[in-house]
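Here is the file target-v6.cif (mmCIF, N, CA, C and O atoms).
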```cif
data_structure
loop_
_atom_site.group_PDB
_atom_site.id
_atom_site.type_symbol
_atom_site.label_atom_id
_atom_site.label_comp_id
_atom_site.auth_asym_id
_atom_site.auth_seq_id
_atom_site.Cartn_x
_atom_site.Cartn_y
_atom_site.Cartn_z
ATOM 1 N N MET A 1 79.555 325.241 131.138
ATOM 2 C CA MET A 1 79.760 326.626 131.488
ATOM 3 C C MET A 1 80.820 327.197 130.543
ATOM 4 O O MET A 1 81.847 326.585 130.308
ATOM 5 N N THR A 2 80.548 328.368 130.025
ATOM 6 C CA THR A 2 81.497 329.009 129.132
ATOM 7 C C THR A 2 82.588 329.706 129.947
ATOM 8 O O THR A 2 82.494 329.845 131.166
ATOM 9 N N PHE A 3 83.607 330.142 129.244
ATOM 10 C CA PHE A 3 84.725 330.832 129.885
ATOM 11 C C PHE A 3 84.252 332.085 130.611
ATOM 12 O O PHE A 3 84.632 332.334 131.757
ATOM 13 N N TRP A 4 83.400 332.865 129.963
ATOM 14 C CA TRP A 4 82.950 334.122 130.558
ATOM 15 C C TRP A 4 82.025 333.890 131.742
ATOM 16 O O TRP A 4 82.044 334.649 132.709
ATOM 17 N N GLN A 5 81.228 332.847 131.674
ATOM 18 C CA GLN A 5 80.381 332.511 132.815
ATOM 19 C C GLN A 5 81.245 332.122 134.011
ATOM 20 O O GLN A 5 80.940 332.489 135.141
ATOM 21 N N ALA A 6 82.317 331.367 133.766
ATOM 22 C CA ALA A 6 83.227 330.982 134.845
ATOM 23 C C ALA A 6 83.891 332.205 135.464
ATOM 24 O O ALA A 6 84.047 332.288 136.689
ATOM 25 N N ILE A 7 84.251 333.180 134.645
ATOM 26 C CA ILE A 7 84.872 334.407 135.147
ATOM 27 C C ILE A 7 83.876 335.197 135.998
ATOM 28 O O ILE A 7 84.202 335.656 137.100
ATOM 29 N N ILE A 8 82.650 335.339 135.510
ATOM 30 C CA ILE A 8 81.641 336.108 136.243
ATOM 31 C C ILE A 8 81.271 335.423 137.555
ATOM 32 O O ILE A 8 81.241 336.059 138.613
ATOM 33 N N ILE A 9 81.027 334.123 137.501
ATOM 34 C CA ILE A 9 80.689 333.389 138.723
ATOM 35 C C ILE A 9 81.875 333.388 139.676
ATOM 36 O O ILE A 9 81.710 333.542 140.888
ATOM 37 N N GLY A 10 83.082 333.236 139.161
ATOM 38 C CA GLY A 10 84.278 333.276 140.002
ATOM 39 C C GLY A 10 84.456 334.620 140.684
ATOM 40 O O GLY A 10 84.782 334.684 141.873
ATOM 41 N N ALA A 11 84.218 335.694 139.947
ATOM 42 C CA ALA A 11 84.350 337.034 140.529
ATOM 43 C C ALA A 11 83.305 337.256 141.613
ATOM 44 O O ALA A 11 83.618 337.765 142.701
ATOM 45 N N LEU A 12 82.070 336.866 141.337
ATOM 46 C CA LEU A 12 81.009 337.028 142.333
ATOM 47 C C LEU A 12 81.266 336.167 143.568
ATOM 48 O O LEU A 12 81.122 336.628 144.703
ATOM 49 N N ALA A 13 81.654 334.920 143.346
ATOM 50 C CA ALA A 13 81.921 334.021 144.474
ATOM 51 C C ALA A 13 83.107 334.514 145.299
ATOM 52 O O ALA A 13 83.077 334.459 146.534
ATOM 53 N N GLY A 14 84.145 334.992 144.657
ATOM 54 C CA GLY A 14 85.301 335.532 145.379
ATOM 55 C C GLY A 14 84.937 336.765 146.189
ATOM 56 O O GLY A 14 85.376 336.925 147.328
ATOM 57 N N TRP A 15 84.111 337.620 145.619
ATOM 58 C CA TRP A 15 83.688 338.828 146.328
ATOM 59 C C TRP A 15 82.801 338.479 147.524
ATOM 60 O O TRP A 15 82.999 339.000 148.617
ATOM 61 N N ILE A 16 81.841 337.570 147.303
ATOM 62 C CA ILE A 16 80.941 337.168 148.390
ATOM 63 C C ILE A 16 81.722 336.476 149.503
ATOM 64 O O ILE A 16 81.513 336.759 150.681
ATOM 65 N N SER A 17 82.617 335.577 149.146
ATOM 66 C CA SER A 17 83.385 334.869 150.178
ATOM 67 C C SER A 17 84.294 335.821 150.948
ATOM 68 O O SER A 17 84.534 335.618 152.139
ATOM 69 N N GLY A 18 84.782 336.862 150.284
ATOM 70 C CA GLY A 18 85.594 337.864 150.962
ATOM 71 C C GLY A 18 84.812 338.629 152.015
ATOM 72 O O GLY A 18 85.373 339.111 152.997
ATOM 73 N N LYS A 19 83.495 338.730 151.830
ATOM 74 C CA LYS A 19 82.644 339.388 152.819
ATOM 75 C C LYS A 19 82.431 338.515 154.055
ATOM 76 O O LYS A 19 82.234 339.019 155.150
ATOM 77 N N PHE A 20 82.462 337.187 153.877
ATOM 78 C CA PHE A 20 82.249 336.265 154.993
ATOM 79 C C PHE A 20 83.533 335.962 155.757
ATOM 80 O O PHE A 20 83.501 335.770 156.969
ATOM 81 N N VAL A 21 84.642 335.868 155.049
ATOM 82 C CA VAL A 21 85.928 335.542 155.669
ATOM 83 C C VAL A 21 86.779 336.795 155.657
ATOM 84 O O VAL A 21 86.996 337.385 154.604
ATOM 85 N N LYS A 22 87.266 337.201 156.823
ATOM 86 C CA LYS A 22 88.094 338.407 156.866
ATOM 87 C C LYS A 22 89.381 338.163 156.108
ATOM 88 O O LYS A 22 90.087 337.195 156.339
ATOM 89 N N LYS A 23 89.669 339.052 155.219
ATOM 90 C CA LYS A 23 90.905 338.980 154.446
ATOM 91 C C LYS A 23 91.280 340.384 154.016
ATOM 92 O O LYS A 23 90.485 341.303 154.089
ATOM 93 N N HIS A 24 92.486 340.503 153.535
ATOM 94 C CA HIS A 24 92.916 341.784 152.990
ATOM 95 C C HIS A 24 92.324 341.936 151.600
ATOM 96 O O HIS A 24 92.076 340.974 150.907
ATOM 97 N N ARG A 25 92.132 343.145 151.181
ATOM 98 C CA ARG A 25 91.570 343.379 149.861
ATOM 99 C C ARG A 25 92.685 343.240 148.820
ATOM 100 O O ARG A 25 93.565 344.074 148.730
ATOM 101 N N GLU A 26 92.617 342.175 148.047
ATOM 102 C CA GLU A 26 93.643 341.927 147.049
ATOM 103 C C GLU A 26 93.235 342.376 145.655
ATOM 104 O O GLU A 26 94.046 342.456 144.784
ATOM 105 N N GLY A 27 91.958 342.588 145.411
ATOM 106 C CA GLY A 27 91.532 343.084 144.120
ATOM 107 C C GLY A 27 90.703 342.095 143.334
ATOM 108 O O GLY A 27 90.441 340.973 143.750
ATOM 109 N N CYS A 28 90.299 342.530 142.167
ATOM 110 C CA CYS A 28 89.377 341.771 141.329
ATOM 111 C C CYS A 28 89.996 340.471 140.810
ATOM 112 O O CYS A 28 89.336 339.438 140.801
ATOM 113 N N LEU A 29 91.243 340.516 140.368
ATOM 114 C CA LEU A 29 91.873 339.298 139.850
ATOM 115 C C LEU A 29 92.011 338.241 140.935
ATOM 116 O O LEU A 29 91.839 337.046 140.677
ATOM 117 N N TRP A 30 92.325 338.664 142.166
ATOM 118 C CA TRP A 30 92.409 337.732 143.288
ATOM 119 C C TRP A 30 91.038 337.112 143.547
ATOM 120 O O TRP A 30 90.930 335.910 143.780
ATOM 121 N N ASN A 31 89.982 337.927 143.512
ATOM 122 C CA ASN A 31 88.627 337.414 143.716
ATOM 123 C C ASN A 31 88.256 336.378 142.657
ATOM 124 O O ASN A 31 87.654 335.354 142.970
ATOM 125 N N ILE A 32 88.603 336.645 141.407
ATOM 126 C CA ILE A 32 88.309 335.703 140.331
ATOM 127 C C ILE A 32 89.074 334.402 140.544
ATOM 128 O O ILE A 32 88.511 333.309 140.429
ATOM 129 N N ALA A 33 90.358 334.501 140.882
ATOM 130 C CA ALA A 33 91.167 333.298 141.108
ATOM 131 C C ALA A 33 90.632 332.487 142.288
ATOM 132 O O ALA A 33 90.505 331.260 142.201
ATOM 133 N N ILE A 34 90.301 333.157 143.383
ATOM 134 C CA ILE A 34 89.738 332.464 144.545
ATOM 135 C C ILE A 34 88.387 331.859 144.195
ATOM 136 O O ILE A 34 88.081 330.728 144.586
ATOM 137 N N GLY A 35 87.565 332.572 143.452
ATOM 138 C CA GLY A 35 86.249 332.070 143.068
ATOM 139 C C GLY A 35 86.312 330.843 142.181
ATOM 140 O O GLY A 35 85.586 329.866 142.396
ATOM 141 N N ILE A 36 87.185 330.863 141.189
ATOM 142 C CA ILE A 36 87.305 329.724 140.277
ATOM 143 C C ILE A 36 87.909 328.527 141.004
ATOM 144 O O ILE A 36 87.428 327.398 140.885
ATOM 145 N N THR A 37 88.955 328.754 141.792
ATOM 146 C CA THR A 37 89.559 327.667 142.562
ATOM 147 C C THR A 37 88.575 327.143 143.610
ATOM 148 O O THR A 37 88.473 325.940 143.828
ATOM 149 N N GLY A 38 87.856 328.054 144.242
ATOM 150 C CA GLY A 38 86.846 327.656 145.208
ATOM 151 C C GLY A 38 85.714 326.868 144.565
ATOM 152 O O GLY A 38 85.149 325.964 145.188
ATOM 153 N N SER A 39 85.386 327.180 143.337
ATOM 154 C CA SER A 39 84.372 326.427 142.613
ATOM 155 C C SER A 39 84.807 324.975 142.433
ATOM 156 O O SER A 39 84.013 324.051 142.629
ATOM 157 N N LEU A 40 86.059 324.787 142.070
ATOM 158 C CA LEU A 40 86.579 323.424 141.932
ATOM 159 C C LEU A 40 86.565 322.696 143.270
ATOM 160 O O LEU A 40 86.176 321.522 143.350
ATOM 161 N N LEU A 41 86.973 323.393 144.336
ATOM 162 C CA LEU A 41 86.960 322.797 145.664
ATOM 163 C C LEU A 41 85.534 322.485 146.098
ATOM 164 O O LEU A 41 85.260 321.409 146.647
ATOM 165 N N GLY A 42 84.610 323.404 145.854
ATOM 166 C CA GLY A 42 83.209 323.190 146.211
ATOM 167 C C GLY A 42 82.605 322.008 145.473
ATOM 168 O O GLY A 42 81.880 321.193 146.065
ATOM 169 N N ARG A 43 82.914 321.878 144.195
ATOM 170 C CA ARG A 43 82.416 320.727 143.434
ATOM 171 C C ARG A 43 82.978 319.430 143.982
ATOM 172 O O ARG A 43 82.265 318.427 144.073
ATOM 173 N N TRP A 44 84.251 319.429 144.342
ATOM 174 C CA TRP A 44 84.865 318.226 144.892
ATOM 175 C C TRP A 44 84.220 317.860 146.228
ATOM 176 O O TRP A 44 83.899 316.694 146.464
ATOM 177 N N ILE A 45 84.027 318.857 147.100
ATOM 178 C CA ILE A 45 83.401 318.600 148.404
ATOM 179 C C ILE A 45 81.982 318.086 148.219
ATOM 180 O O ILE A 45 81.577 317.105 148.857
ATOM 181 N N PHE A 46 81.211 318.729 147.345
ATOM 182 C CA PHE A 46 79.827 318.293 147.130
ATOM 183 C C PHE A 46 79.768 316.889 146.546
ATOM 184 O O PHE A 46 78.925 316.085 146.938
ATOM 185 N N SER A 47 80.646 316.576 145.597
ATOM 186 C CA SER A 47 80.626 315.226 145.019
ATOM 187 C C SER A 47 81.072 314.194 146.045
ATOM 188 O O SER A 47 80.568 313.070 146.065
ATOM 189 N N PHE A 48 82.005 314.557 146.925
ATOM 190 C CA PHE A 48 82.438 313.658 147.990
ATOM 191 C C PHE A 48 81.283 313.349 148.939
ATOM 192 O O PHE A 48 81.125 312.226 149.405
ATOM 193 N N LEU A 49 80.463 314.365 149.214
ATOM 194 C CA LEU A 49 79.310 314.198 150.098
ATOM 195 C C LEU A 49 78.070 313.693 149.352
ATOM 196 O O LEU A 49 77.011 313.546 149.954
ATOM 197 N N GLU A 50 78.225 313.455 148.041
ATOM 198 C CA GLU A 50 77.142 313.007 147.168
ATOM 199 C C GLU A 50 75.967 313.979 147.161
ATOM 200 O O GLU A 50 74.803 313.594 147.234
ATOM 201 N N ILE A 51 76.289 315.258 147.092
ATOM 202 C CA ILE A 51 75.299 316.323 146.967
ATOM 203 C C ILE A 51 75.467 316.922 145.570
ATOM 204 O O ILE A 51 76.564 317.334 145.204
ATOM 205 N N TYR A 52 74.402 316.965 144.809
ATOM 206 C CA TYR A 52 74.461 317.490 143.454
ATOM 207 C C TYR A 52 73.485 318.653 143.339
ATOM 208 O O TYR A 52 72.289 318.449 143.130
ATOM 209 N N PRO A 53 73.972 319.899 143.482
ATOM 210 C CA PRO A 53 73.083 321.053 143.560
ATOM 211 C C PRO A 53 72.407 321.444 142.247
ATOM 212 O O PRO A 53 71.438 322.167 142.258
ATOM 213 N N GLY A 54 72.901 321.018 141.129
ATOM 214 C CA GLY A 54 72.274 321.358 139.848
ATOM 215 C C GLY A 54 73.217 322.122 138.944
ATOM 216 O O GLY A 54 74.383 322.335 139.259
ATOM 217 N N ARG A 55 72.678 322.548 137.809
ATOM 218 C CA ARG A 55 73.512 323.196 136.798
ATOM 219 C C ARG A 55 73.132 324.642 136.555
ATOM 220 O O ARG A 55 73.676 325.275 135.660
ATOM 221 N N GLY A 56 72.210 325.191 137.303
ATOM 222 C CA GLY A 56 71.773 326.565 137.097
ATOM 223 C C GLY A 56 72.784 327.578 137.625
ATOM 224 O O GLY A 56 73.757 327.230 138.302
ATOM 225 N N PHE A 57 72.538 328.839 137.308
ATOM 226 C CA PHE A 57 73.447 329.913 137.708
ATOM 227 C C PHE A 57 73.587 329.992 139.225
ATOM 228 O O PHE A 57 74.694 330.060 139.752
ATOM 229 N N PHE A 58 72.468 329.969 139.939
ATOM 230 C CA PHE A 58 72.519 330.143 141.390
ATOM 231 C C PHE A 58 73.123 328.935 142.093
ATOM 232 O O PHE A 58 73.811 329.079 143.093
ATOM 233 N N SER A 59 72.898 327.745 141.564
ATOM 234 C CA SER A 59 73.512 326.565 142.179
ATOM 235 C C SER A 59 75.021 326.572 141.952
ATOM 236 O O SER A 59 75.789 326.199 142.837
ATOM 237 N N GLN A 60 75.463 327.030 140.784
ATOM 238 C CA GLN A 60 76.899 327.143 140.530
ATOM 239 C C GLN A 60 77.513 328.237 141.398
ATOM 240 O O GLN A 60 78.616 328.077 141.908
ATOM 241 N N LEU A 61 76.779 329.325 141.576
ATOM 242 C CA LEU A 61 77.263 330.410 142.436
ATOM 243 C C LEU A 61 77.353 329.940 143.884
ATOM 244 O O LEU A 61 78.332 330.244 144.570
ATOM 245 N N LEU A 62 76.370 329.187 144.347
ATOM 246 C CA LEU A 62 76.395 328.655 145.706
ATOM 247 C C LEU A 62 77.572 327.705 145.902
ATOM 248 O O LEU A 62 78.299 327.808 146.896
ATOM 249 N N THR A 63 77.782 326.808 144.961
ATOM 250 C CA THR A 63 78.902 325.870 145.038
ATOM 251 C C THR A 63 80.232 326.612 145.059
ATOM 252 O O THR A 63 81.103 326.320 145.882
ATOM 253 N N ALA A 64 80.382 327.578 144.174
ATOM 254 C CA ALA A 64 81.631 328.346 144.101
ATOM 255 C C ALA A 64 81.846 329.174 145.363
ATOM 256 O O ALA A 64 82.965 329.274 145.865
ATOM 257 N N THR A 65 80.780 329.754 145.899
ATOM 258 C CA THR A 65 80.911 330.585 147.095
ATOM 259 C C THR A 65 81.288 329.749 148.305
ATOM 260 O O THR A 65 82.190 330.123 149.069
ATOM 261 N N LEU A 66 80.625 328.612 148.500
ATOM 262 C CA LEU A 66 80.959 327.752 149.634
ATOM 263 C C LEU A 66 82.383 327.204 149.511
ATOM 264 O O LEU A 66 83.121 327.139 150.499
ATOM 265 N N GLY A 67 82.786 326.840 148.304
ATOM 266 C CA GLY A 67 84.157 326.391 148.092
ATOM 267 C C GLY A 67 85.169 327.507 148.325
ATOM 268 O O GLY A 67 86.240 327.282 148.889
ATOM 269 N N SER A 68 84.822 328.725 147.933
ATOM 270 C CA SER A 68 85.717 329.869 148.138
ATOM 271 C C SER A 68 85.851 330.211 149.615
ATOM 272 O O SER A 68 86.942 330.560 150.079
ATOM 273 N N ILE A 69 84.747 330.110 150.354
ATOM 274 C CA ILE A 69 84.807 330.355 151.798
ATOM 275 C C ILE A 69 85.716 329.320 152.455
ATOM 276 O O ILE A 69 86.566 329.658 153.287
ATOM 277 N N ALA A 70 85.560 328.054 152.066
ATOM 278 C CA ALA A 70 86.422 327.001 152.615
ATOM 279 C C ALA A 70 87.883 327.260 152.244
ATOM 280 O O ALA A 70 88.783 327.122 153.087
ATOM 281 N N LEU A 71 88.125 327.660 151.004
ATOM 282 C CA LEU A 71 89.490 327.922 150.550
ATOM 283 C C LEU A 71 90.115 329.089 151.304
ATOM 284 O O LEU A 71 91.269 329.012 151.741
ATOM 285 N N LEU A 72 89.365 330.172 151.496
ATOM 286 C CA LEU A 72 89.895 331.320 152.227
ATOM 287 C C LEU A 72 90.129 330.987 153.696
ATOM 288 O O LEU A 72 91.099 331.460 154.298
ATOM 289 N N TRP A 73 89.270 330.166 154.283
ATOM 290 C CA TRP A 73 89.473 329.757 155.666
ATOM 291 C C TRP A 73 90.764 328.951 155.790
ATOM 292 O O TRP A 73 91.567 329.196 156.688
ATOM 293 N N ILE A 74 90.976 328.012 154.866
ATOM 294 C CA ILE A 74 92.221 327.227 154.868
ATOM 295 C C ILE A 74 93.419 328.140 154.652
ATOM 296 O O ILE A 74 94.440 328.019 155.333
ATOM 297 N N TRP A 75 93.310 329.075 153.710
ATOM 298 C CA TRP A 75 94.393 330.015 153.421
ATOM 299 C C TRP A 75 94.760 330.833 154.655
ATOM 300 O O TRP A 75 95.934 331.006 154.968
ATOM 301 N N ASN A 76 93.741 331.318 155.373
ATOM 302 C CA ASN A 76 94.002 332.108 156.585
ATOM 303 C C ASN A 76 94.623 331.261 157.690
ATOM 304 O O ASN A 76 95.450 331.763 158.452
ATOM 305 N N GLN A 77 94.263 329.984 157.775
ATOM 306 C CA GLN A 77 94.845 329.115 158.793
ATOM 307 C C GLN A 77 96.313 328.826 158.487
ATOM 308 O O GLN A 77 97.138 328.747 159.390
ATOM 309 N N VAL A 78 96.638 328.679 157.223
ATOM 310 C CA VAL A 78 98.019 328.397 156.817
ATOM 311 C C VAL A 78 98.900 329.627 157.032
ATOM 312 O O VAL A 78 100.052 329.519 157.447
ATOM 313 N N ARG A 79 98.355 330.817 156.799
ATOM 314 C CA ARG A 79 99.144 332.047 156.908
ATOM 315 C C ARG A 79 99.391 332.482 158.338
ATOM 316 O O ARG A 79 100.234 333.341 158.588
ATOM 317 N N LYS A 80 98.692 331.894 159.311
ATOM 318 C CA LYS A 80 98.891 332.295 160.718
ATOM 319 C C LYS A 80 100.209 331.831 161.266
ATOM 320 O O LYS A 80 100.818 330.938 161.042
#
```
Please re-express this file's structure in structure tokens.
Amino acid sequence: MTFWQAIIIGALAGWISGKFVKKHREGCLWNIAIGITGSLLGRWIFSFLEIYPGRGFFSQLLTATLGSIALLWIWNQVRK
């Protein structure tokens, strides 16, 4: 994955996860950071469970989105 693909997928995943998990609107840079970090978390979770979704755009977006949702849920639990 190139740098720009990571930014685009991170932004989309951060935006999508923000729709599923209630959070304050922090902006585009926050969405990108959550998306990229969530992508790493999603890959780790999937590899731990021995699930390999593939290398295509939608599989990377799914992995990043699920990881971002998990990350935002953890973030909200810590902030309470």
Legend entry - Test item: residues at most 5 Å from Ile69 of chain A, all atoms listed in the file, excluding those fewer than 5 positions along its chain, as number ranges by chain: A: 17, 64, 74
Inset, instruction - Name the residues captured by the PyMOL selection byres (((chain A and resi 39 and name CA) around 7) and name CA) when it is applied to the shown file; answer as a list of chain:residue names. - result: A:Gly35, A:Ile36, A:Thr37, A:Gly38, A:Leu40, A:Leu41, A:Gly42, A:Arg43, A:Thr63, A:Ala64, A:Gly67, A:Ser68
Legend entry - Distance query Asn31 of chain A at most 5 Å, only N, CA, C and O atoms, self and fewer than 3 positions along chain excluded, as a ChimeraX atom specification: /A:10-11,14-15,27-28,34-36
Legend entry - Residue nearest Ala33 of chain A - candidates A:Ile7, A:Trp75, A:Ile51, A:Leu66, atoms counted: all atoms listed in the file: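 The closest residue to Ala33 of chain A is A:Ile7.
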Inset, instruction - Counting only C-alpha atoms, figure out which residue out of A:Leu71, A:Lys19, A:Pro53, A:Phe58 gets nearest to Gln5 of chain A. - result: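 Smallest separation from Gln5 of chain A among the options: A:Phe58.
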Legend entry - Between atom C of Gly18 of chain A and atom CA of Trp73 of chain A - distance in Å to one decimal: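 Result for atom CA of Trp73 of chain A versus atom C of Gly18 of chain A: 10.7 Å, one decimal.
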Inset, instruction - Could you jot down the atom O of Lys80 of chain A to atom C of Leu12 of chain A separation for me, Å, one decimal place? - result: 26.7 Å
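One finds atom O of Gly54 of chain A at 15.9 Å from atom N of Ile8 of chain A.
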Could you write out as lines of an AutoDock Vina configuration file the box around segment 43-56 of chain A (axis-aligned, all atoms listed in the file, 8 Å on each side), with centre and edge lengths in Å to one decimal?
```
center_x = 78.2
center_y = 319.9
center_z = 142.9
size_x = 29.4
size_y = 31.4
size_z = 30.4
```
